[in-house]
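Contents: one structure, followed by commentary.
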Amino acid sequence: MNHTHRLTLHSITLRLLSVPLTRPIVSNPTVGRYTHWPFILIDLQTHEGVVGRSYLEPYVAGSAAYILPAIEAIAASLKDKPLAPLDWYAGAIKAMHLSGREGVGLVAASGLDMAIWDAVAKVAGLPLAEYLGGSIGGLRAYNTNGLWLLPVEQLRDEAVALVAQGGFSAIKMRMGRERLSADVAALDAVRSAVGSEVRLMVDFNQALDMGEALVRLHALDSEGLQWFEEPVVFDNFAGCAQLARELKTPLQIGENIYGPRSFLRAVQENAADLYMPDMMRIGGITGFLRCAAIAGAAGIPLSSHLYPEASAHVLRVAETAHWLEWRDWAHPFLEAPFAVENGQVMIPDRPGLGIAWNEDAVSRFLVRP
């Protein structure tokens with residue numbers, strides 16, 4: 001039942017938070033080191049009294065200086081207009097034809113798109129997964145909350161803790177150290193700590209050039225890993241395609257792809273075996289749904305990157321849903337984080353995305369009201 005005609009935009013409230021990480025990010029220079037993680041909270045108020053909520057993770061707090069004005073500018077064009085998400089998304093993308101359909105504009109549109117879908121599902125009184133024609137329940141997930149480029153001794157303890165955190169049977173570790181031998185030592189430490197039954201995903205965070213990627217990934221190809229993620233710069237589709245052809249271990253990319261059209265181009269160029277769109281870059285719920293249709297038609301397994309709450313709803317209706325990436329970085333300011341049971345993230349029976357803010361916590365982490 002479509003209730004979107006009942007909602008019109010009144011105003012938006014944007015807040016920038018800086019949230020401390022339980023396990024700091026320690027990565028290669030491409031990513032960097034972080035002890036805190038920025039979040040942009042979006043509250044979309046309607047004339048009808050329904051509030052749509054979403055958040056963005058801009059990686060670098062300073063980028064909020066241009067993302068926030070972009071969200072405000074797009075929202076201003078929506079004021080007093082009906083909030084039908086598919087109609088709105090089509091108009092937003094057309095408006096970007098001259099300025100570009102990637103980058104800040106799409107990031108801003110993604111945040112608003114998620115909030116609009118949250119609002120319209122709330123009007124229907126349904127969790128978003130049910131509003132989209134699916135059902136709520138659990139999704140197979142892996143824990144990505146640690147295992148950065150750390151000393152071997154620390155990796156062992158973290159690996160055990162990550163498995164125990166929610167009964168996970170899969171965890172992700174990072175590679176891309178200066179030498180292959182150091183990556184091998186890290187892998188051996190993690191595997192010895194958690195045993196052979198726990199699945200291991202490996203993320204290089206674009207640390208390697210093609211020459212090093214060819215040497216290193218072929219050397220690791222017999223280790224029984226679930227995937228190699230972003231070994232080279234994300235938009236080198238030709239290089240990724242070569243690696244995917246040559247390796248037995250599946251190649252995973254997608255978190256840095258902007259929008260469904262670029263996603264389709266990657267699929268057409270056989271750039272990877274697996275894909276994991278990011279809500280902020282792919283176009284929010286609408287963009288992710290369109291990528292899910294492409295992946296489904298192509299028979300390609302589809303996972304998610306960050307945004308576990310919004311991603312969970314869409315993966316429940318995705319034909320080729322593969323893995324949900326789970327992390328708890330937003331938990332400090334969420335009123336009721338999604339539960340994890342035996343390695344599955346459980347979508348709660350709450351309308352919309354099922355998220356709300358713990359306002360006391362928000363006030364503690366607030367950088368910009």
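By convention here, the chains of the structure tokens are called A, B, ... in the order presented, each chain's residues are numbered starting at 1, and ligands are numbered starting at 1 in the order presented.
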Contacts of Arg350 of chain A at 10 Å (only C-alpha atoms; same-chain gap of 6+ positions) as a PyMOL selection string: chain A and resi 121-122+125-128+136
Hey, what's within 10 Å of segment 72-85 of chain A if we count only C-alpha atoms and toss same-chain stuff fewer than 4 positions away? As a ChimeraX atom specification, please? /A:2-14,44,46-47,67-68,89-92,95,105,108-109,112-120,285-286
Of A:Ala185, A:Leu139, A:Met96, A:Ala129, the one nearest to Leu155 of chain A when counting only C-alpha atoms is A:Ala185
For Ala193 of chain A, find every residue with an atom within 8 Å (counting only C-alpha atoms), except residues of its own chain fewer than 6 positions away, and show them as a PyMOL selection string. chain A and resi 156-157+159-160
What does the file look like for those residues with N, CA, C and O atoms, as a JSON list (two decimals), in the first residue's frame?
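Writing done, so here's part26.json:
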[["chain", "number", "residue", "atom", "x", "y", "z"],
["A", 156, "ARG", "N", 45.69, -11.79, 17.60],
["A", 156, "ARG", "CA", 45.15, -13.04, 18.15],
["A", 156, "ARG", "C", 44.00, -12.76, 19.13],
["A", 156, "ARG", "O", 42.92, -13.36, 19.04],
["A", 157, "ASP", "N", 44.24, -11.85, 20.04],
["A", 157, "ASP", "CA", 43.21, -11.53, 21.04],
["A", 157, "ASP", "C", 41.98, -10.91, 20.39],
["A", 157, "ASP", "O", 40.84, -11.23, 20.76],
["A", 159, "ALA", "N", 40.89, -11.29, 17.31],
["A", 159, "ALA", "CA", 40.16, -12.27, 16.51],
["A", 159, "ALA", "C", 39.21, -13.08, 17.38],
["A", 159, "ALA", "O", 38.04, -13.30, 17.03],
["A", 160, "VAL", "N", 39.70, -13.53, 18.52],
["A", 160, "VAL", "CA", 38.86, -14.29, 19.45],
["A", 160, "VAL", "C", 37.69, -13.44, 19.93],
["A", 160, "VAL", "O", 36.54, -13.91, 20.00]]
Run DSSP on the backbone and grab whatever in segment 188-283 of chain A lands in alpha helix (DSSP H); send it over as a PyMOL selection string. chain A and resi 188-194+210-220+237-246+259-268+279-282
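Nearest to Gly284 of chain A of all the residues A:Ala310, A:Ala361, A:Ala297, A:Leu41 is A:Ala310, based on only C-alpha atoms.
Residue neighbourhood of Arg281 of chain A, excluding near-sequence residues (fewer than 6 positions): Leu106, Val107, Asn256, Ile257, Tyr258 and Gly259 of chain A, at 7 Å, using only C-alpha atoms.
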Output for the residues just chosen: N, CA, C and O atoms as a tab-separated table (two decimals), in the first residue's frame:
chain	number	residue	atom	x	y	z
A	106	LEU	N	25.92	13.11	-4.96
A	106	LEU	CA	25.29	11.81	-4.76
A	106	LEU	C	25.33	11.39	-3.29
A	106	LEU	O	24.40	10.77	-2.78
A	107	VAL	N	26.41	11.74	-2.58
A	107	VAL	CA	26.48	11.47	-1.14
A	107	VAL	C	25.32	12.15	-0.42
A	107	VAL	O	24.62	11.54	0.39
A	256	ASN	N	33.45	1.76	-3.15
A	256	ASN	CA	33.78	3.08	-3.67
A	256	ASN	C	33.12	3.39	-5.01
A	256	ASN	O	33.44	4.41	-5.64
A	257	ILE	N	32.23	2.54	-5.45
A	257	ILE	CA	31.52	2.78	-6.70
A	257	ILE	C	30.38	3.77	-6.45
A	257	ILE	O	29.59	3.60	-5.53
A	258	TYR	N	30.30	4.78	-7.30
A	258	TYR	CA	29.27	5.81	-7.17
A	258	TYR	C	28.12	5.54	-8.14
A	258	TYR	O	28.25	5.69	-9.36
A	259	GLY	N	27.00	5.13	-7.62
A	259	GLY	CA	25.77	5.06	-8.38
A	259	GLY	C	25.61	3.78	-9.20
A	259	GLY	O	26.58	3.10	-9.55
Distance criterion (only C-alpha atoms): nearest to Phe39 of chain A out of A:Arg368, A:Arg261, A:Arg216, A:Arg199: A:Arg368
Long-range neighbours of Trp227 of chain A as a PDB file with N, CA and C atoms, in the first residue's frame, 12 Å cut-off, only C-alpha atoms, 4 positions minimum in chain:
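result-v8.pdb, freshly written:
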ATOM      1  N   ALA A 170      32.305 -15.647  10.845  1.00  0.00           N
ATOM      2  CA  ALA A 170      33.122 -15.004   9.814  1.00  0.00           C
ATOM      3  C   ALA A 170      33.583 -13.647  10.324  1.00  0.00           C
ATOM      4  N   ILE A 171      34.843 -13.316  10.058  1.00  0.00           N
ATOM      5  CA  ILE A 171      35.413 -12.031  10.463  1.00  0.00           C
ATOM      6  C   ILE A 171      36.302 -11.522   9.340  1.00  0.00           C
ATOM      7  N   LYS A 172      36.511 -10.210   9.328  1.00  0.00           N
ATOM      8  CA  LYS A 172      37.362  -9.618   8.288  1.00  0.00           C
ATOM      9  C   LYS A 172      38.636  -9.048   8.895  1.00  0.00           C
ATOM     10  N   MET A 173      39.759  -9.316   8.225  1.00  0.00           N
ATOM     11  CA  MET A 173      41.031  -8.756   8.633  1.00  0.00           C
ATOM     12  C   MET A 173      41.609  -7.932   7.481  1.00  0.00           C
ATOM     13  N   ARG A 174      42.553  -7.053   7.831  1.00  0.00           N
ATOM     14  CA  ARG A 174      43.165  -6.200   6.826  1.00  0.00           C
ATOM     15  C   ARG A 174      44.567  -6.676   6.504  1.00  0.00           C
ATOM     16  N   ARG A 199      35.323 -18.327   8.947  1.00  0.00           N
ATOM     17  CA  ARG A 199      35.654 -17.802   7.619  1.00  0.00           C
ATOM     18  C   ARG A 199      36.363 -16.464   7.746  1.00  0.00           C
ATOM     19  N   LEU A 200      37.352 -16.265   6.881  1.00  0.00           N
ATOM     20  CA  LEU A 200      38.143 -15.040   6.915  1.00  0.00           C
ATOM     21  C   LEU A 200      38.018 -14.291   5.596  1.00  0.00           C
ATOM     22  N   MET A 201      37.588 -13.041   5.690  1.00  0.00           N
ATOM     23  CA  MET A 201      37.615 -12.117   4.569  1.00  0.00           C
ATOM     24  C   MET A 201      38.864 -11.244   4.715  1.00  0.00           C
ATOM     25  N   VAL A 202      39.469 -10.848   3.605  1.00  0.00           N
ATOM     26  CA  VAL A 202      40.692 -10.045   3.638  1.00  0.00           C
ATOM     27  C   VAL A 202      40.497  -8.785   2.809  1.00  0.00           C
ATOM     28  N   ASP A 203      40.798  -7.642   3.417  1.00  0.00           N
ATOM     29  CA  ASP A 203      40.635  -6.336   2.774  1.00  0.00           C
ATOM     30  C   ASP A 203      41.995  -5.649   2.694  1.00  0.00           C
ATOM     31  N   PHE A 204      42.391  -5.272   1.470  1.00  0.00           N
ATOM     32  CA  PHE A 204      43.666  -4.580   1.262  1.00  0.00           C
ATOM     33  C   PHE A 204      43.520  -3.056   1.241  1.00  0.00           C
ATOM     34  N   LEU A 217      48.722 -11.671  -4.225  1.00  0.00           N
ATOM     35  CA  LEU A 217      47.470 -12.423  -4.235  1.00  0.00           C
ATOM     36  C   LEU A 217      47.656 -13.840  -4.763  1.00  0.00           C
ATOM     37  N   LEU A 220      48.869 -15.845  -1.906  1.00  0.00           N
ATOM     38  CA  LEU A 220      47.852 -16.101  -0.879  1.00  0.00           C
ATOM     39  C   LEU A 220      46.649 -16.885  -1.410  1.00  0.00           C
ATOM     40  N   ASP A 221      46.692 -17.252  -2.668  1.00  0.00           N
ATOM     41  CA  ASP A 221      45.503 -17.783  -3.339  1.00  0.00           C
ATOM     42  C   ASP A 221      45.091 -19.169  -2.848  1.00  0.00           C
ATOM     43  N   SER A 222      45.985 -19.858  -2.181  1.00  0.00           N
ATOM     44  CA  SER A 222      45.659 -21.203  -1.700  1.00  0.00           C
ATOM     45  C   SER A 222      45.302 -21.223  -0.221  1.00  0.00           C
ATOM     46  N   GLU A 223      45.062 -20.056   0.376  1.00  0.00           N
ATOM     47  CA  GLU A 223      44.821 -19.968   1.820  1.00  0.00           C
ATOM     48  C   GLU A 223      43.357 -20.188   2.213  1.00  0.00           C
ATOM     49  N   PRO A 231      42.170  -4.936  -3.650  1.00  0.00           N
ATOM     50  CA  PRO A 231      43.637  -4.983  -3.577  1.00  0.00           C
ATOM     51  C   PRO A 231      44.306  -3.794  -4.260  1.00  0.00           C
ATOM     52  N   LEU A 243      42.823  -9.683 -12.246  1.00  0.00           N
ATOM     53  CA  LEU A 243      42.984 -10.434 -11.003  1.00  0.00           C
ATOM     54  C   LEU A 243      41.857 -11.447 -10.821  1.00  0.00           C
ATOM     55  N   ALA A 244      40.639 -11.029 -11.105  1.00  0.00           N
ATOM     56  CA  ALA A 244      39.503 -11.943 -10.962  1.00  0.00           C
ATOM     57  C   ALA A 244      39.639 -13.157 -11.880  1.00  0.00           C
ATOM     58  N   LEU A 247      42.754 -15.541 -10.397  1.00  0.00           N
ATOM     59  CA  LEU A 247      42.771 -16.054  -9.031  1.00  0.00           C
ATOM     60  C   LEU A 247      41.628 -17.032  -8.760  1.00  0.00           C
ATOM     61  N   LYS A 248      41.881 -17.994  -7.896  1.00  0.00           N
ATOM     62  CA  LYS A 248      40.813 -18.883  -7.426  1.00  0.00           C
ATOM     63  C   LYS A 248      39.968 -18.197  -6.354  1.00  0.00           C
ATOM     64  N   THR A 249      40.624 -17.402  -5.510  1.00  0.00           N
ATOM     65  CA  THR A 249      39.914 -16.683  -4.452  1.00  0.00           C
ATOM     66  C   THR A 249      39.067 -15.582  -5.080  1.00  0.00           C
ATOM     67  N   PRO A 250      37.775 -15.463  -4.719  1.00  0.00           N
ATOM     68  CA  PRO A 250      36.937 -14.420  -5.309  1.00  0.00           C
ATOM     69  C   PRO A 250      37.468 -13.016  -5.030  1.00  0.00           C
ATOM     70  N   LEU A 251      37.300 -12.134  -5.993  1.00  0.00           N
ATOM     71  CA  LEU A 251      37.673 -10.728  -5.849  1.00  0.00           C
ATOM     72  C   LEU A 251      36.427  -9.923  -5.502  1.00  0.00           C
ATOM     73  N   GLN A 252      36.536  -9.070  -4.482  1.00  0.00           N
ATOM     74  CA  GLN A 252      35.414  -8.274  -3.982  1.00  0.00           C
ATOM     75  C   GLN A 252      35.728  -6.784  -4.147  1.00  0.00           C
ATOM     76  N   ILE A 253      34.820  -6.027  -4.759  1.00  0.00           N
ATOM     77  CA  ILE A 253      34.946  -4.572  -4.829  1.00  0.00           C
ATOM     78  C   ILE A 253      33.546  -3.966  -4.663  1.00  0.00           C
ATOM     79  N   ALA A 272      34.926  -7.880 -11.095  1.00  0.00           N
ATOM     80  CA  ALA A 272      35.043  -8.627  -9.839  1.00  0.00           C
ATOM     81  C   ALA A 272      34.087  -9.815  -9.864  1.00  0.00           C
ATOM     82  N   ASP A 273      34.301 -10.695  -8.900  1.00  0.00           N
ATOM     83  CA  ASP A 273      33.397 -11.832  -8.717  1.00  0.00           C
ATOM     84  C   ASP A 273      32.255 -11.483  -7.777  1.00  0.00           C
ATOM     85  N   LEU A 274      32.517 -10.558  -6.841  1.00  0.00           N
ATOM     86  CA  LEU A 274      31.585 -10.185  -5.791  1.00  0.00           C
ATOM     87  C   LEU A 274      31.542  -8.671  -5.676  1.00  0.00           C
ATOM     88  N   TYR A 275      30.402  -8.143  -5.202  1.00  0.00           N
ATOM     89  CA  TYR A 275      30.260  -6.693  -5.057  1.00  0.00           C
ATOM     90  C   TYR A 275      29.635  -6.350  -3.710  1.00  0.00           C
ATOM     91  N   MET A 276      30.035  -5.176  -3.186  1.00  0.00           N
ATOM     92  CA  MET A 276      29.513  -4.720  -1.895  1.00  0.00           C
ATOM     93  C   MET A 276      29.284  -3.200  -1.936  1.00  0.00           C
ATOM     94  N   PRO A 301      26.818 -12.527  -6.439  1.00  0.00           N
ATOM     95  CA  PRO A 301      26.570 -12.342  -5.003  1.00  0.00           C
ATOM     96  C   PRO A 301      26.776 -10.893  -4.581  1.00  0.00           C
ATOM     97  N   SER A 303      26.921  -8.179  -1.354  1.00  0.00           N
ATOM     98  CA  SER A 303      27.066  -7.921   0.071  1.00  0.00           C
ATOM     99  C   SER A 303      26.893  -6.430   0.316  1.00  0.00           C
ATOM    100  N   TRP A 323      26.587 -11.436   2.065  1.00  0.00           N
ATOM    101  CA  TRP A 323      27.002 -11.159   3.437  1.00  0.00           C
ATOM    102  C   TRP A 323      26.668  -9.723   3.815  1.00  0.00           C
TER     103      TRP A 323
END
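When only C-alpha atoms are used to compute distances to Val163 of chain A, the closest of the residues A:Leu187, A:Val317, A:Val26, A:Val340 turns out to be A:Val340.
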Using only C-alpha atoms, which residues sit within 10 Å of segment 363-367 of chain A once same-chain residues fewer than 6 positions away are excluded, as a count of residues only? 12
Just list as a ChimeraX atom specification whatever in segment 44-216 of chain A DSSP marks as strand (DSSP E). /A:44-46,51-56,138-143,170-174,199-203
Hey, which of A:Pro69, A:Gln45, A:Ile300, A:Gln206 ends up closest to Glu319 of chain A? Count only C-alpha atoms. A:Ile300
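Using only C-alpha atoms, the nearest neighbour of Tyr66 of chain A within the list A:Leu315, A:Gln165, A:Leu353, A:Val104 is A:Val104.
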How far is it from atom CA of His36 of chain A to atom CA of Arg53 of chain A, in Å with one decimal? 22.0 Å
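Take atom CA of Arg177 of chain A and atom CA of Val215 of chain A: the distance between them is 13.6 Å.
A straight line drawn from atom CA of Asn28 of chain A to atom CA of Leu149 of chain A is 7.7 Å long.
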